[in-house]
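Undergrad: What follows is the file run.tsv, containing TSV, N, CA and C atoms:
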chain	number	residue	atom	x	y	z
A	33	MET	N	69.09	90.62	124.92
A	33	MET	CA	69.38	91.89	124.30
A	33	MET	C	70.45	92.62	125.10
A	34	GLY	N	71.39	93.21	124.38
A	34	GLY	CA	72.46	93.99	125.01
A	34	GLY	C	72.00	95.41	125.29
A	35	ALA	N	72.79	96.09	126.04
A	35	ALA	CA	72.49	97.49	126.36
A	35	ALA	C	72.68	98.36	125.11
A	36	ILE	N	71.86	99.36	125.00
A	36	ILE	CA	71.97	100.31	123.89
A	36	ILE	C	73.08	101.29	124.24
A	37	THR	N	74.01	101.44	123.33
A	37	THR	CA	75.09	102.40	123.57
A	37	THR	C	74.87	103.62	122.70
A	38	ALA	N	75.12	104.76	123.26
A	38	ALA	CA	74.94	106.02	122.54
A	38	ALA	C	76.04	106.18	121.51
A	39	GLN	N	75.69	106.84	120.41
A	39	GLN	CA	76.66	107.09	119.36
A	39	GLN	C	77.68	108.13	119.80
A	40	LYS	N	78.93	107.85	119.53
A	40	LYS	CA	80.00	108.80	119.84
A	40	LYS	C	80.05	109.85	118.74
A	41	LEU	N	80.84	110.89	118.96
A	41	LEU	CA	80.95	111.98	117.99
A	41	LEU	C	81.37	111.45	116.62
A	42	THR	N	80.67	111.90	115.61
A	42	THR	CA	81.03	111.53	114.24
A	42	THR	C	81.98	112.57	113.66
A	43	LYS	N	82.67	112.22	112.60
A	43	LYS	CA	83.56	113.16	111.93
A	43	LYS	C	82.78	114.38	111.46
A	44	ARG	N	81.57	114.15	110.99
A	44	ARG	CA	80.73	115.26	110.51
A	44	ARG	C	80.41	116.24	111.64
A	45	THR	N	80.06	115.70	112.80
A	45	THR	CA	79.76	116.56	113.95
A	45	THR	C	81.01	117.29	114.42
A	46	LYS	N	82.14	116.60	114.45
A	46	LYS	CA	83.40	117.26	114.83
A	46	LYS	C	83.70	118.42	113.91
A	47	ALA	N	83.44	118.25	112.60
A	47	ALA	CA	83.67	119.33	111.64
A	47	ALA	C	82.72	120.50	111.90
A	48	LYS	N	81.45	120.20	112.21
A	48	LYS	CA	80.47	121.26	112.53
A	48	LYS	C	80.91	122.03	113.77
A	49	LEU	N	81.33	121.30	114.79
A	49	LEU	CA	81.77	121.94	116.02
A	49	LEU	C	82.98	122.84	115.77
A	50	MET	N	83.91	122.36	114.97
A	50	MET	CA	85.11	123.15	114.69
A	50	MET	C	84.76	124.44	113.96
A	51	LYS	N	83.80	124.38	113.06
A	51	LYS	CA	83.36	125.59	112.35
A	51	LYS	C	82.75	126.59	113.32
A	52	MET	N	82.18	126.09	114.41
A	52	MET	CA	81.59	126.97	115.43
A	52	MET	C	82.65	127.51	116.38
A	53	GLY	N	83.84	126.93	116.37
A	53	GLY	CA	84.89	127.36	117.28
A	53	GLY	C	85.10	126.41	118.44
A	54	ILE	N	84.50	125.23	118.38
A	54	ILE	CA	84.59	124.28	119.48
A	54	ILE	C	85.50	123.12	119.06
A	55	TYR	N	86.63	123.02	119.71
A	55	TYR	CA	87.60	121.97	119.41
A	55	TYR	C	87.14	120.63	119.96
A	56	THR	N	87.68	119.55	119.39
A	56	THR	CA	87.52	118.23	119.97
A	56	THR	C	88.77	118.00	120.81
A	57	HIS	N	88.57	117.66	122.07
A	57	HIS	CA	89.68	117.59	123.01
A	57	HIS	C	89.90	116.16	123.50
A	58	ALA	N	91.16	115.72	123.40
A	58	ALA	CA	91.52	114.39	123.90
A	58	ALA	C	92.64	114.50	124.91
A	59	GLY	N	92.70	115.62	125.58
A	59	GLY	CA	93.78	115.86	126.53
A	59	GLY	C	94.90	116.61	125.83
A	60	GLY	N	95.68	117.31	126.59
A	60	GLY	CA	96.86	117.93	126.03
A	60	GLY	C	96.77	119.40	125.70
A	61	PHE	N	95.76	120.13	126.15
A	61	PHE	CA	95.79	121.59	125.98
A	61	PHE	C	96.74	122.17	127.01
A	62	GLY	N	97.50	121.31	127.65
A	62	GLY	CA	98.42	121.75	128.67
A	62	GLY	C	97.81	121.56	130.06
A	63	TYR	N	96.61	121.92	130.24
A	63	TYR	CA	95.94	121.88	131.54
A	63	TYR	C	96.87	122.32	132.65
A	64	ASP	N	97.63	123.33	132.34
A	64	ASP	CA	98.52	123.95	133.31
A	64	ASP	C	98.32	125.45	133.19
A	65	PRO	N	97.67	126.07	134.17
A	65	PRO	CA	97.35	127.49	134.05
A	65	PRO	C	98.58	128.37	133.90
A	66	ILE	N	99.71	127.96	134.44
A	66	ILE	CA	100.92	128.76	134.29
A	66	ILE	C	101.40	128.71	132.85
A	67	MET	N	101.37	127.53	132.25
A	67	MET	CA	101.80	127.38	130.86
A	67	MET	C	100.86	128.13	129.91
A	68	ALA	N	99.58	128.20	130.25
A	68	ALA	CA	98.59	128.83	129.37
A	68	ALA	C	98.68	130.35	129.41
A	69	MET	N	99.24	130.89	130.49
A	69	MET	CA	99.32	132.35	130.60
A	69	MET	C	100.21	132.90	129.49
A	70	GLY	N	99.71	133.88	128.80
A	70	GLY	CA	100.47	134.50	127.73
A	70	GLY	C	100.46	133.72	126.43
A	71	SER	N	99.67	132.66	126.35
A	71	SER	CA	99.55	131.91	125.11
A	71	SER	C	98.08	131.85	124.70
A	72	ARG	N	97.86	131.51	123.46
A	72	ARG	CA	96.49	131.43	122.95
A	72	ARG	C	96.01	129.98	123.08
A	73	THR	N	94.87	129.80	123.72
A	73	THR	CA	94.31	128.47	123.91
A	73	THR	C	92.84	128.48	123.49
A	74	ALA	N	92.30	127.28	123.34
A	74	ALA	CA	90.91	127.15	122.92
A	74	ALA	C	89.98	127.71	124.00
A	75	VAL	N	88.92	128.38	123.56
A	75	VAL	CA	87.92	128.91	124.49
A	75	VAL	C	87.04	127.76	124.98
A	76	MET	N	86.67	126.87	124.08
A	76	MET	CA	85.76	125.79	124.42
A	76	MET	C	86.12	124.55	123.63
A	77	ALA	N	85.86	123.38	124.22
A	77	ALA	CA	86.13	122.12	123.55
A	77	ALA	C	85.07	121.10	123.97
A	78	ILE	N	84.99	120.03	123.20
A	78	ILE	CA	84.12	118.91	123.57
A	78	ILE	C	85.00	117.67	123.64
A	79	TRP	N	84.79	116.87	124.66
A	79	TRP	CA	85.60	115.69	124.90
A	79	TRP	C	85.46	114.72	123.73
A	80	TYR	N	86.56	114.14	123.29
A	80	TYR	CA	86.57	113.29	122.11
A	80	TYR	C	85.71	112.04	122.25
A	81	GLU	N	85.47	111.58	123.46
A	81	GLU	CA	84.63	110.40	123.67
A	81	GLU	C	83.19	110.78	124.04
A	82	SER	N	82.84	112.03	123.85
A	82	SER	CA	81.49	112.50	124.17
A	82	SER	C	80.47	111.81	123.26
A	83	GLU	N	79.26	111.70	123.77
A	83	GLU	CA	78.16	111.22	122.93
A	83	GLU	C	77.79	112.30	121.91
A	84	GLU	N	77.17	111.88	120.85
A	84	GLU	CA	76.74	112.78	119.79
A	84	GLU	C	75.69	113.76	120.33
A	85	PRO	N	75.89	115.07	120.16
A	85	PRO	CA	74.87	116.03	120.58
A	85	PRO	C	73.69	116.02	119.60
A	86	THR	N	72.52	116.34	120.11
A	86	THR	CA	71.35	116.46	119.25
A	86	THR	C	71.46	117.76	118.44
A	87	ALA	N	70.57	117.94	117.48
A	87	ALA	CA	70.56	119.18	116.69
A	87	ALA	C	70.32	120.38	117.60
A	88	GLU	N	69.42	120.23	118.58
A	88	GLU	CA	69.14	121.32	119.51
A	88	GLU	C	70.36	121.63	120.38
A	89	GLU	N	71.07	120.59	120.78
A	89	GLU	CA	72.27	120.80	121.60
A	89	GLU	C	73.37	121.49	120.79
A	90	LEU	N	73.47	121.18	119.50
A	90	LEU	CA	74.46	121.87	118.66
A	90	LEU	C	74.19	123.37	118.62
A	91	VAL	N	72.92	123.74	118.50
A	91	VAL	CA	72.55	125.16	118.51
A	91	VAL	C	72.93	125.79	119.85
A	92	LEU	N	72.64	125.11	120.93
A	92	LEU	CA	72.95	125.62	122.26
A	92	LEU	C	74.46	125.70	122.49
A	93	LEU	N	75.21	124.73	122.00
A	93	LEU	CA	76.67	124.78	122.12
A	93	LEU	C	77.22	126.02	121.43
A	94	LYS	N	76.68	126.34	120.27
A	94	LYS	CA	77.13	127.53	119.55
A	94	LYS	C	76.80	128.79	120.35
A	95	GLU	N	75.60	128.85	120.93
A	95	GLU	CA	75.21	130.00	121.75
A	95	GLU	C	76.10	130.14	122.98
A	96	ILE	N	76.41	129.03	123.62
A	96	ILE	CA	77.28	129.06	124.80
A	96	ILE	C	78.66	129.56	124.40
A	97	TYR	N	79.19	129.05	123.30
A	97	TYR	CA	80.50	129.48	122.83
A	97	TYR	C	80.50	130.99	122.56
A	98	GLN	N	79.50	131.46	121.81
A	98	GLN	CA	79.45	132.88	121.48
A	98	GLN	C	79.31	133.74	122.72
A	99	GLY	N	78.56	133.28	123.70
A	99	GLY	CA	78.42	134.01	124.96
A	99	GLY	C	79.74	134.10	125.72
A	100	ARG	N	80.49	133.01	125.74
A	100	ARG	CA	81.80	133.02	126.42
A	100	ARG	C	82.76	133.99	125.73
A	101	VAL	N	82.76	133.96	124.40
A	101	VAL	CA	83.66	134.85	123.65
A	101	VAL	C	83.29	136.31	123.91
A	102	THR	N	81.99	136.62	123.82
A	102	THR	CA	81.54	137.99	124.03
A	102	THR	C	81.88	138.49	125.44
A	103	LYS	N	81.65	137.64	126.43
A	103	LYS	CA	81.85	138.05	127.81
A	103	LYS	C	83.32	138.05	128.24
A	104	TRP	N	84.06	137.02	127.88
A	104	TRP	CA	85.38	136.83	128.45
A	104	TRP	C	86.55	136.97	127.46
A	105	TYR	N	86.32	136.66	126.20
A	105	TYR	CA	87.44	136.55	125.26
A	105	TYR	C	87.19	137.30	123.95
A	106	PRO	N	87.01	138.61	123.99
A	106	PRO	CA	86.73	139.36	122.76
A	106	PRO	C	87.91	139.36	121.78
A	107	ASP	N	89.09	138.93	122.23
A	107	ASP	CA	90.26	138.91	121.35
A	107	ASP	C	90.43	137.58	120.60
A	108	VAL	N	89.39	136.76	120.60
A	108	VAL	CA	89.49	135.45	119.94
A	108	VAL	C	89.93	135.63	118.49
A	109	ASP	N	90.80	134.75	118.02
A	109	ASP	CA	91.33	134.88	116.66
A	109	ASP	C	90.61	133.96	115.68
A	110	LYS	N	91.06	133.97	114.43
A	110	LYS	CA	90.39	133.18	113.38
A	110	LYS	C	90.47	131.69	113.63
A	111	ASN	N	91.37	131.24	114.50
A	111	ASN	CA	91.47	129.83	114.85
A	111	ASN	C	90.70	129.51	116.12
A	112	PHE	N	89.90	130.47	116.57
A	112	PHE	CA	89.06	130.31	117.76
A	112	PHE	C	89.88	130.16	119.03
A	113	LEU	N	91.05	130.78	119.05
A	113	LEU	CA	91.91	130.76	120.23
A	113	LEU	C	91.93	132.15	120.85
A	114	ALA	N	92.06	132.21	122.16
A	114	ALA	CA	92.10	133.50	122.85
A	114	ALA	C	93.27	133.50	123.82
A	115	MET	N	93.77	134.68	124.10
A	115	MET	CA	94.89	134.82	125.01
A	115	MET	C	94.51	134.36	126.41
A	116	SER	N	95.28	133.41	126.94
A	116	SER	CA	95.12	132.90	128.30
A	116	SER	C	93.71	132.39	128.60
A	117	ALA	N	93.04	131.83	127.60
A	117	ALA	CA	91.68	131.31	127.82
A	117	ALA	C	91.73	130.14	128.80
A	118	ASN	N	90.76	130.08	129.68
A	118	ASN	CA	90.59	128.95	130.60
A	118	ASN	C	89.64	127.98	129.91
A	119	THR	N	90.18	127.15	129.05
A	119	THR	CA	89.38	126.26	128.21
A	119	THR	C	88.36	125.49	129.03
A	120	THR	N	87.10	125.55	128.58
A	120	THR	CA	86.05	124.74	129.17
A	120	THR	C	85.81	123.57	128.23
A	121	THR	N	85.95	122.35	128.75
A	121	THR	CA	85.71	121.14	127.97
A	121	THR	C	84.40	120.53	128.44
A	122	LEU	N	83.52	120.24	127.49
A	122	LEU	CA	82.21	119.66	127.78
A	122	LEU	C	82.21	118.19	127.39
A	123	LYS	N	81.39	117.42	128.09
A	123	LYS	CA	81.26	116.00	127.77
A	123	LYS	C	79.83	115.57	128.01
A	124	LYS	N	79.30	114.80	127.06
A	124	LYS	CA	77.97	114.21	127.22
A	124	LYS	C	78.17	112.71	127.40
A	125	GLU	N	77.66	112.21	128.52
A	125	GLU	CA	77.81	110.79	128.83
A	125	GLU	C	76.50	110.29	129.43
A	126	ASN	N	75.98	109.22	128.87
A	126	ASN	CA	74.69	108.66	129.30
A	126	ASN	C	73.59	109.72	129.25
A	127	GLY	N	73.67	110.60	128.23
A	127	GLY	CA	72.65	111.62	128.03
A	127	GLY	C	72.77	112.84	128.92
A	128	VAL	N	73.80	112.88	129.77
A	128	VAL	CA	73.98	113.97	130.73
A	128	VAL	C	75.27	114.72	130.39
A	129	TRP	N	75.19	116.04	130.46
A	129	TRP	CA	76.35	116.89	130.18
A	129	TRP	C	77.08	117.25	131.46
A	130	THR	N	78.40	117.33	131.37
A	130	THR	CA	79.24	117.81	132.45
A	130	THR	C	80.39	118.59	131.82
A	131	TYR	N	81.22	119.18	132.64
A	131	TYR	CA	82.30	120.02	132.10
A	131	TYR	C	83.49	120.05	133.05
A	132	ARG	N	84.59	120.59	132.54
A	132	ARG	CA	85.75	120.88	133.36
A	132	ARG	C	86.47	122.08	132.76
A	133	ARG	N	87.34	122.67	133.53
A	133	ARG	CA	88.10	123.83	133.07
A	133	ARG	C	89.59	123.51	133.09
A	134	MET	N	90.31	124.20	132.23
A	134	MET	CA	91.74	123.95	132.10
A	134	MET	C	92.49	124.13	133.42
A	135	THR	N	92.05	125.07	134.24
A	135	THR	CA	92.78	125.38	135.46
A	135	THR	C	92.50	124.41	136.61
A	136	TRP	N	91.56	123.49	136.44
A	136	TRP	CA	91.28	122.56	137.52
A	136	TRP	C	92.44	121.58	137.65
A	137	ARG	N	93.14	121.63	138.77
A	137	ARG	CA	94.33	120.81	138.97
A	137	ARG	C	94.14	119.78	140.08
A	138	GLU	N	93.12	119.96	140.92
A	138	GLU	CA	92.88	119.05	142.03
A	138	GLU	C	91.40	118.73	142.11
A	139	GLY	N	91.08	117.68	142.81
A	139	GLY	CA	89.68	117.32	142.99
A	139	GLY	C	89.16	116.48	141.83
A	140	PRO	N	87.85	116.42	141.67
A	140	PRO	CA	87.26	115.59	140.61
A	140	PRO	C	87.70	116.07	139.22
A	141	THR	N	87.84	115.14	138.32
A	141	THR	CA	88.23	115.47	136.96
A	141	THR	C	87.13	116.26	136.25
A	142	TRP	N	85.89	115.87	136.45
A	142	TRP	CA	84.74	116.53	135.82
A	142	TRP	C	83.83	117.10	136.89
A	143	SER	N	83.10	118.15	136.55
A	143	SER	CA	82.18	118.78	137.47
A	143	SER	C	81.19	117.76	138.03
A	144	GLN	N	80.91	117.87	139.29
A	144	GLN	CA	79.92	117.00	139.92
A	144	GLN	C	78.50	117.51	139.65
A	145	LYS	N	78.40	118.75	139.18
A	145	LYS	CA	77.11	119.34	138.80
A	145	LYS	C	76.94	119.10	137.32
A	146	SER	N	75.92	118.37	136.96
A	146	SER	CA	75.69	118.06	135.56
A	146	SER	C	74.21	118.03	135.28
A	147	GLY	N	73.88	117.94	134.03
A	147	GLY	CA	72.48	117.91	133.61
A	147	GLY	C	72.40	118.18	132.12
A	148	THR	N	71.37	118.89	131.72
A	148	THR	CA	71.26	119.26	130.32
A	148	THR	C	72.14	120.49	130.08
A	149	LEU	N	72.45	120.75	128.82
A	149	LEU	CA	73.20	121.96	128.52
A	149	LEU	C	72.46	123.20	128.99
A	150	GLN	N	71.16	123.20	128.83
A	150	GLN	CA	70.36	124.35	129.25
A	150	GLN	C	70.45	124.55	130.75
A	151	GLU	N	70.39	123.48	131.53
A	151	GLU	CA	70.50	123.59	132.99
A	151	GLU	C	71.86	124.15	133.39
A	152	ILE	N	72.89	123.64	132.78
A	152	ILE	CA	74.24	124.12	133.09
A	152	ILE	C	74.37	125.60	132.74
A	153	ARG	N	73.82	125.98	131.59
A	153	ARG	CA	73.91	127.37	131.13
A	153	ARG	C	73.11	128.31	132.02
A	154	VAL	N	71.88	127.94	132.35
A	154	VAL	CA	70.99	128.79	133.15
A	154	VAL	C	71.58	129.02	134.52
A	155	GLU	N	72.22	128.02	135.09
A	155	GLU	CA	72.79	128.16	136.42
A	155	GLU	C	74.08	128.98	136.42
A	156	GLY	N	74.46	129.48	135.26
A	156	GLY	CA	75.59	130.39	135.19
A	156	GLY	C	76.95	129.73	135.23
A	157	ARG	N	77.00	128.47	134.94
A	157	ARG	CA	78.29	127.79	134.97
A	157	ARG	C	79.13	128.14	133.75
A	158	PHE	N	78.51	128.80	132.80
A	158	PHE	CA	79.25	129.25	131.61
A	158	PHE	C	79.13	130.73	131.54
Would you write out, as structure tokens, the structure that this file holds?

TA:
Amino acid sequence: MGAITAQKLTKRTKAKLMKMGIYTHAGGFGYDPIMAMGSRTAVMAIWYESEEPTAEELVLLKEIYQGRVTKWYPDVDKNFLAMSANTTTLKKENGVWTYRRMTWREGPTWSQKSGTLQEIRVEGRF
């Protein structure tokens, strides 16, 4: 028997996430804080190779997004973009969530602190 591989994001889930304001990210938001200054960028994204979130995780992703907008980006527009947003990209891999921010230019590509979405949220990383 081969290893069980987790399902990657489906088109349906990507559409749900986009309706919530969460982009699917495959690189290329610039990831240059100087370039992002004075421009509108995504508040939150999910990595294109992320595993499929559960129904509960989808609800939590929406809550995290809304919390970020309320706290940091009240000027978000109809395309879910905000002025000089430091895009947070989330990724679920092997059942564990991790994240990175647009301004991270050195060090590990993804946060070394990972866990469930709830753990990441409770610890104030969002």

Undergrad: What separation in Å, quoted to one decimal, exists between atom CA of Leu93 of chain A and atom C of Val128 of chain A?

TA: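 Those two atoms sit 13.1 Å apart.
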
Undergrad: Expressed in Å to a single decimal, how great is the separation between atom N of Pro85 of chain A and atom C of Gln144 of chain A?

TA: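 Going from atom N of Pro85 of chain A over to atom C of Gln144 of chain A, I get 19.8 Å.
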
Undergrad: Please provide as a list of chain:residue names all residues within 6.5 Å of Ser143 of chain A, with the sequence filter that same-chain residues fewer than 5 positions apart are discarded (counting all atoms listed in the file).

TA: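 Those residues are A:Thr130, A:Tyr131, A:Arg132.
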
Undergrad: As an exercise, work out the distance from atom CA of Leu122 of chain A to atom CA of Ile78 of chain A in Å and give it to one decimal place.

TA: 4.7 Å

Undergrad: So which residues touch Ala58 of chain A within 6.5 Å, counting only N, CA and C atoms, skipping near sequence neighbours fewer than 2 positions away, as a list in words?

TA: Thr56, Gly60, Ile78, Trp79 and Tyr80 of chain A
